[in-house]
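**Q** The file below is target_10.txt, compact mmCIF, C-alpha atoms and all ligand atoms:
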```
# COMPACT_ATOMS: atom_id res chain seq x y z
CA MET A 9 -23.64 -19.49 -13.34
CA ARG A 10 -23.17 -18.72 -9.63
CA THR A 11 -19.94 -19.99 -8.03
CA PRO A 12 -20.99 -21.99 -4.96
CA ILE A 13 -19.75 -20.98 -1.54
CA ILE A 14 -19.11 -23.45 1.26
CA ALA A 15 -18.59 -21.52 4.48
CA GLY A 16 -17.68 -23.13 7.78
CA ASN A 17 -19.19 -21.39 10.78
CA TRP A 18 -17.13 -22.68 13.67
CA LYS A 19 -19.29 -20.84 16.22
CA MET A 20 -17.67 -20.67 19.71
CA ASN A 21 -15.35 -23.63 19.12
CA LYS A 22 -11.57 -24.05 18.84
CA THR A 23 -8.77 -22.24 20.62
CA VAL A 24 -6.13 -20.70 18.36
CA ALA A 25 -3.97 -23.80 18.77
CA GLU A 26 -6.87 -26.09 17.85
CA ALA A 27 -7.90 -23.83 14.97
CA ARG A 28 -4.39 -23.94 13.52
CA GLU A 29 -4.40 -27.70 13.73
CA LEU A 30 -7.76 -28.00 11.94
CA VAL A 31 -6.74 -25.58 9.18
CA ALA A 32 -3.37 -27.27 8.70
CA GLU A 33 -5.20 -30.56 8.21
CA MET A 34 -7.53 -29.11 5.55
CA ILE A 35 -5.24 -26.82 3.54
CA PRO A 36 -3.54 -29.53 1.44
CA PHE A 37 -6.97 -30.74 0.26
CA LEU A 38 -8.58 -27.34 -0.28
CA LYS A 39 -5.92 -24.89 -1.35
CA ASP A 40 -6.35 -25.34 -5.10
CA VAL A 41 -10.03 -26.28 -5.40
CA GLN A 42 -11.47 -24.56 -8.48
CA GLY A 43 -15.09 -23.62 -9.09
CA VAL A 44 -16.10 -23.52 -5.40
CA LYS A 45 -15.33 -20.77 -2.89
CA THR A 46 -14.25 -22.07 0.52
CA VAL A 47 -14.60 -19.77 3.53
CA PHE A 48 -13.52 -20.41 7.13
CA CYS A 49 -15.30 -18.40 9.83
CA PRO A 50 -13.37 -19.10 13.04
CA PRO A 51 -13.74 -17.25 16.36
CA ALA A 52 -12.19 -13.77 16.28
CA PRO A 53 -8.87 -14.59 18.03
CA SER A 54 -8.04 -17.02 15.21
CA LEU A 55 -8.58 -14.55 12.35
CA LEU A 56 -5.01 -13.24 12.33
CA PRO A 57 -3.16 -16.57 12.68
CA ILE A 58 -5.39 -18.28 10.14
CA ALA A 59 -5.11 -15.39 7.68
CA ALA A 60 -1.36 -16.00 7.73
CA MET A 61 -1.86 -19.71 7.08
CA LEU A 62 -4.22 -19.04 4.14
CA GLU A 63 -1.81 -16.79 2.25
CA GLY A 64 -1.27 -18.13 -1.25
CA THR A 65 -4.42 -20.28 -1.14
CA ASP A 66 -7.86 -19.59 -2.67
CA ILE A 67 -9.52 -20.04 0.73
CA ASP A 68 -11.18 -16.95 2.22
CA LEU A 69 -11.76 -15.92 5.79
CA GLY A 70 -14.81 -14.50 7.53
CA ALA A 71 -15.91 -13.33 10.97
CA GLN A 72 -19.06 -14.57 12.70
CA ASN A 73 -20.35 -11.15 13.73
CA MET A 74 -19.33 -7.49 14.04
CA HIS A 75 -20.68 -4.14 15.19
CA TRP A 76 -21.94 -1.47 12.81
CA GLU A 77 -20.04 1.41 14.42
CA SER A 78 -16.56 2.13 13.11
CA GLY A 79 -15.04 2.25 16.59
CA GLY A 80 -15.38 3.66 20.08
CA ALA A 81 -16.74 2.66 23.49
CA TYR A 82 -18.43 -0.66 22.62
CA THR A 83 -16.80 -3.14 24.98
CA GLY A 84 -16.43 -6.61 23.57
CA GLU A 85 -17.33 -5.71 19.98
CA LEU A 86 -15.43 -5.93 16.68
CA ALA A 87 -15.41 -2.98 14.27
CA PRO A 88 -15.87 -3.59 10.52
CA ALA A 89 -12.31 -2.42 9.74
CA MET A 90 -10.95 -4.96 12.25
CA VAL A 91 -12.68 -7.72 10.30
CA SER A 92 -11.77 -6.44 6.84
CA GLU A 93 -8.10 -6.32 7.86
CA PHE A 94 -8.06 -10.13 7.70
CA GLY A 95 -11.34 -11.34 6.21
CA GLU A 96 -13.44 -10.98 3.08
CA PHE A 97 -16.73 -12.15 4.60
CA VAL A 98 -18.79 -11.65 7.75
CA ILE A 99 -21.75 -13.74 8.91
CA LEU A 100 -24.56 -11.43 10.03
CA GLY A 101 -27.90 -12.07 11.70
CA HIS A 102 -27.27 -15.72 12.53
CA SER A 103 -30.28 -17.14 14.38
CA GLU A 104 -28.10 -17.69 17.48
CA ARG A 105 -27.24 -13.96 17.47
CA ARG A 106 -30.92 -13.11 17.04
CA ALA A 107 -32.04 -15.55 19.78
CA TYR A 108 -29.33 -15.04 22.44
CA PHE A 109 -27.93 -11.56 21.77
CA GLY A 110 -30.99 -9.51 20.89
CA GLU A 111 -30.24 -8.93 17.21
CA THR A 112 -33.18 -7.69 15.14
CA ASP A 113 -33.82 -7.06 11.46
CA GLU A 114 -32.95 -3.41 12.19
CA THR A 115 -29.56 -4.09 13.79
CA VAL A 116 -28.79 -6.68 11.12
CA ASN A 117 -29.55 -4.01 8.51
CA LYS A 118 -27.10 -1.57 10.13
CA LYS A 119 -24.43 -4.27 10.19
CA ILE A 120 -24.94 -5.19 6.53
CA ARG A 121 -24.56 -1.55 5.51
CA ALA A 122 -21.39 -1.20 7.61
CA ALA A 123 -19.96 -4.42 6.17
CA GLN A 124 -20.54 -3.29 2.58
CA ALA A 125 -19.10 0.15 3.31
CA ASN A 126 -15.92 -1.61 4.48
CA GLY A 127 -15.61 -3.88 1.46
CA LEU A 128 -16.81 -7.01 3.28
CA THR A 129 -19.30 -9.44 1.77
CA PRO A 130 -21.99 -10.15 4.35
CA ILE A 131 -23.45 -13.65 4.65
CA VAL A 132 -26.92 -12.70 5.88
CA CYS A 133 -28.78 -15.46 7.74
CA VAL A 134 -32.55 -15.88 7.66
CA GLY A 135 -34.79 -18.72 8.74
CA GLU A 136 -37.93 -19.70 10.61
CA THR A 137 -38.51 -21.38 13.98
CA LEU A 138 -40.16 -24.78 14.29
CA GLU A 139 -43.43 -23.13 15.41
CA GLU A 140 -43.41 -20.79 12.42
CA ASN A 141 -42.64 -23.72 10.16
CA LYS A 142 -45.51 -25.78 11.55
CA ALA A 143 -47.86 -22.81 11.13
CA ASN A 144 -46.87 -22.55 7.42
CA LYS A 145 -45.28 -19.15 8.03
CA THR A 146 -41.86 -19.87 6.50
CA SER A 147 -42.32 -17.66 3.41
CA GLU A 148 -43.79 -14.84 5.46
CA VAL A 149 -40.94 -14.91 8.00
CA VAL A 150 -38.05 -15.10 5.54
CA SER A 151 -39.65 -12.43 3.31
CA ARG A 152 -39.91 -10.09 6.30
CA GLN A 153 -36.32 -10.79 7.36
CA ILE A 154 -35.05 -10.14 3.83
CA LYS A 155 -37.09 -6.98 3.20
CA ALA A 156 -36.33 -5.39 6.58
CA GLY A 157 -32.74 -6.61 6.82
CA LEU A 158 -31.82 -5.55 3.30
CA ALA A 159 -33.35 -2.06 3.20
CA ASP A 160 -30.93 0.37 1.50
CA VAL A 161 -28.13 -2.13 0.97
CA SER A 162 -26.48 -3.21 -2.27
CA ALA A 163 -26.77 -6.61 -3.93
CA ALA A 164 -23.14 -7.42 -3.03
CA LEU A 165 -24.08 -10.00 -0.43
CA VAL A 166 -24.72 -13.68 0.19
CA ILE A 167 -27.85 -15.06 1.85
CA ALA A 168 -27.92 -18.17 4.04
CA TYR A 169 -31.29 -19.83 4.57
CA GLU A 170 -31.05 -21.68 7.87
CA PRO A 171 -34.30 -23.12 9.24
CA ILE A 172 -33.72 -22.76 13.00
CA TRP A 173 -35.15 -26.20 13.74
CA ALA A 174 -32.53 -27.78 11.44
CA ILE A 175 -29.48 -26.20 13.12
CA GLY A 176 -27.39 -28.64 15.11
CA THR A 177 -30.32 -31.04 15.41
CA GLY A 178 -29.58 -33.51 12.64
CA LEU A 179 -33.07 -32.63 11.31
CA ALA A 180 -32.11 -31.14 7.95
CA ALA A 181 -34.85 -29.63 5.79
CA THR A 182 -35.35 -31.78 2.72
CA ALA A 183 -33.44 -30.48 -0.26
CA GLU A 184 -36.66 -29.88 -2.23
CA ILE A 185 -38.24 -27.85 0.57
CA ALA A 186 -35.04 -25.87 1.11
CA ASN A 187 -34.89 -25.19 -2.63
CA ASP A 188 -38.51 -23.96 -2.68
CA THR A 189 -37.89 -21.56 0.20
CA ILE A 190 -34.72 -20.34 -1.48
CA LYS A 191 -36.72 -19.65 -4.65
CA THR A 192 -39.09 -17.56 -2.53
CA ILE A 193 -36.10 -15.68 -1.14
CA ARG A 194 -34.78 -15.09 -4.66
CA ALA A 195 -38.16 -13.68 -5.70
CA VAL A 196 -38.02 -11.20 -2.81
CA LEU A 197 -34.45 -10.29 -3.81
CA ALA A 198 -35.74 -9.63 -7.34
CA GLU A 199 -38.31 -7.20 -5.91
CA LEU A 200 -35.52 -5.37 -4.06
CA PHE A 201 -32.68 -5.46 -6.59
CA GLY A 202 -34.23 -6.45 -9.93
CA GLU A 203 -34.22 -9.87 -11.59
CA GLU A 204 -30.72 -9.64 -13.05
CA ASP A 205 -29.00 -8.94 -9.71
CA ALA A 206 -31.21 -11.45 -7.89
CA GLN A 207 -29.97 -14.16 -10.25
CA LYS A 208 -26.37 -13.33 -9.30
CA ILE A 209 -26.80 -13.49 -5.51
CA ARG A 210 -25.60 -16.71 -3.91
CA ILE A 211 -28.15 -18.25 -1.53
CA LEU A 212 -26.77 -20.97 0.73
CA TYR A 213 -28.59 -23.60 2.76
CA GLY A 214 -27.57 -24.22 6.37
CA GLY A 215 -28.74 -26.74 8.95
CA SER A 216 -27.21 -30.17 9.56
CA VAL A 217 -25.32 -30.26 6.23
CA LYS A 218 -22.67 -32.99 6.15
CA GLY A 219 -20.65 -34.90 3.59
CA SER A 220 -23.28 -37.60 3.39
CA ASN A 221 -26.24 -35.33 2.52
CA ALA A 222 -24.47 -32.46 0.69
CA ALA A 223 -25.14 -33.78 -2.83
CA GLU A 224 -28.91 -33.63 -2.31
CA TYR A 225 -28.66 -29.91 -1.65
CA PHE A 226 -26.07 -28.96 -4.24
CA SER A 227 -27.97 -30.68 -7.04
CA GLN A 228 -30.94 -28.32 -6.51
CA SER A 229 -31.51 -25.45 -8.95
CA ASP A 230 -31.32 -22.56 -6.49
CA ILE A 231 -29.05 -23.74 -3.66
CA ASP A 232 -25.62 -22.17 -4.17
CA GLY A 233 -23.67 -23.87 -1.40
CA ALA A 234 -23.87 -24.25 2.35
CA LEU A 235 -23.22 -22.58 5.67
CA VAL A 236 -21.91 -25.48 7.73
CA GLY A 237 -21.75 -25.66 11.53
CA GLY A 238 -20.87 -28.96 13.22
CA ALA A 239 -19.40 -30.64 10.14
CA ALA A 240 -17.03 -27.67 9.61
CA LEU A 241 -15.18 -28.73 12.77
CA LYS A 242 -14.25 -32.09 11.27
CA ALA A 243 -11.57 -31.84 8.58
CA ASP A 244 -12.62 -34.91 6.62
CA ASP A 245 -16.32 -34.04 6.61
CA PHE A 246 -15.79 -30.40 5.60
CA VAL A 247 -13.39 -31.39 2.81
CA LYS A 248 -15.94 -33.93 1.61
CA ILE A 249 -18.68 -31.26 1.45
CA ILE A 250 -16.44 -29.08 -0.72
CA TYR A 251 -15.54 -31.97 -3.01
CA VAL A 252 -19.23 -32.81 -3.39
CA ALA A 253 -19.90 -29.17 -4.37
CA ARG A 254 -17.06 -29.30 -6.88
CA ALA A 255 -18.40 -32.52 -8.37
CA GLU A 256 -21.83 -30.89 -8.84
CA VAL A 257 -20.22 -27.90 -10.57
CA MET A 258 -18.31 -30.20 -12.92
CA LYS A 259 -21.50 -32.15 -13.63
CA SER A 260 -23.43 -29.02 -14.56
CA ASN A 261 -20.54 -27.72 -16.70
CA ALA A 262 -20.33 -31.00 -18.63
P1 LIG B 301 -25.14 -27.18 11.86
O1 LIG B 301 -24.48 -27.47 10.55
O2 LIG B 301 -24.34 -27.63 13.05
O3 LIG B 301 -26.56 -27.63 11.88
O4 LIG B 301 -25.17 -25.58 12.02
C1 LIG B 301 -25.68 -24.81 10.98
C2 LIG B 301 -25.38 -23.38 11.25
O5 LIG B 301 -25.94 -22.77 12.14
C3 LIG B 301 -24.35 -22.73 10.43
O6 LIG B 301 -24.37 -21.36 10.61
```
Please re-express this file's structure in structure tokens.
**A**
Amino acid sequence: MRTPIIAGNWKMNKTVAEARELVAEMIPFLKDVQGVKTVFCPPAPSLLPIAAMLEGTDIDLGAQNMHWESGGAYTGELAPAMVSEFGEFVILGHSERRAYFGETDETVNKKIRAAQANGLTPIVCVGETLEENKANKTSEVVSRQIKAGLADVSAALVIAYEPIWAIGTGLAATAEIANDTIKTIRAVLAELFGEEDAQKIRILYGGSVKGSNAAEYFSQSDIDGALVGGAALKADDFVKIIYVARAEVMKSNA
């Protein structure tokens, strides 16, 4: 049984003051939730203040990106140890990083290795463009991203399948299709790590997940939670997504 993860990727939204307000609103509802792992991934300046607010809760913290080098002359970058000082997770290879900041399977691979070496759990993002989807290349694209991105890394990671055409568009992939692609990803993970480890790796879906559609995803066999963008900025919607995940866990335990 894989414990679901619901991670909020706030992207480039919220000042520290706004972030504190959002977290303060959610903590009373989320601090004791059992059976689901909640993760906030705010912009870097909010990591320290939010870490302080999350003390004594079961909520974890993650960064949205980091560099693979341990330090030095890399203006504007975050070193792994700077993230692991406050966070347990780091999102790596998000499609926005790949599209706007030149990230490749090779640089994502270096980052995953650096994250694991620093005790962080990477949330590795994969997903196809609309053109690739229309050309029936989804399996080929995600398999390539997984094989190249995960060369020489350990199985201590989380995968997020985010079809690029479903991000921020309201056009979510249907739960059945997302589940099928996630099964393909799990099969590739089994080739890399063996069946037993592949069964333990959490694979999240991301792309227009909200409170109102979350149950469709979380009731699927292979979807182990969500990486949430827009809805993670709204306290009531994000709390609802986590409660839906918890209800699914209780249903499957019954
Ligand atoms: P939306 O939930 O806004 O579609 O964003 C998904 C995403 O990119 C999370 O990383």
**Q** Please build the interface table for chain A against ligand LIG 301 (chain B) with a cut-off of 7 Å, listing for each qualifying residue the nearest atom pair and the distance in Å to one decimal; count all atoms listed in the file, order rows by chain and increasing number, and write it as CSV.
**A**
```
residue,atom,partner,partner_atom,distance
A:Asn17,CA,B:LIG301,O6,5.2
A:His102,CA,B:LIG301,O6,6.6
A:Glu170,CA,B:LIG301,O5,6.7
A:Ala174,CA,B:LIG301,O3,6.0
A:Ile175,CA,B:LIG301,O3,3.5
A:Gly176,CA,B:LIG301,O3,3.5
A:Thr177,CA,B:LIG301,O3,6.2
A:Gly178,CA,B:LIG301,O3,6.7
A:Gly214,CA,B:LIG301,C1,5.0
A:Gly215,CA,B:LIG301,O3,3.8
A:Ser216,CA,B:LIG301,O3,3.5
A:Val217,CA,B:LIG301,O1,5.2
A:Leu235,CA,B:LIG301,C3,4.9
A:Val236,CA,B:LIG301,O1,4.3
A:Gly237,CA,B:LIG301,O1,3.4
A:Gly238,CA,B:LIG301,O2,3.7
A:Ala239,CA,B:LIG301,O1,6.0
```
**Q** Give me, please, the distance in Å between CA of Lys19 in chain A and CA of Val98 in chain A, quoted to one decimal.
**A**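 Atom-to-atom, CA of Lys19 in chain A to CA of Val98 in chain A, that is 12.5 Å.
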**Q** Is there a way to get, as a list of chain:residue names, all residues within 8 Å of the point (-31.2, -3.8, -3.6) in file coordinates, counting all atoms listed in the file?
**A**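 The residues near that point, listed by chain and number, are A:Leu158, A:Ala159, A:Asp160, A:Val161, A:Ser162, A:Ala163, A:Leu197, A:Leu200, A:Phe201, A:Gly202.
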**Q** What separation in Å, quoted to one decimal, exists between CA of Val166 in chain A and CA of Ile190 in chain A?
**A**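 Here the two named atoms are 12.1 Å from each other.
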**Q** So which one's closest to Asp244 in chain A, A:Phe37, A:Tyr213, A:Tyr108, A:Trp18? Using all atoms listed in the file, please.
**A**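 Smallest separation from Asp244 in chain A among the options: A:Phe37.
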**Q** Place a sphere of radius 12 Å on (-16.6, -28.2, 10.3) in the file coordinates and name every protein, DNA or RNA residue with an atom inside or on its surface, counting all atoms listed in the file; give the answer as a PyMOL selection string.
**A** chain A and resi 14-19+21-22+27+30-31+33-34+46-50+176+216-219+234-250
**Q** Which residues, written as a list in words, have at least one atom at most 6 Å from Gly101 in chain A, with all atoms listed in the file counted and residues fewer than 3 positions away on the same chain left out?
**A**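 What passes the distance filter is Val116, Val132 and Cys133 of chain A.
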**Q** Work out how far CA of Leu100 in chain A is from CA of Ala59 in chain A, in Å to one decimal.
**A**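 Those two atoms sit 20.0 Å apart.
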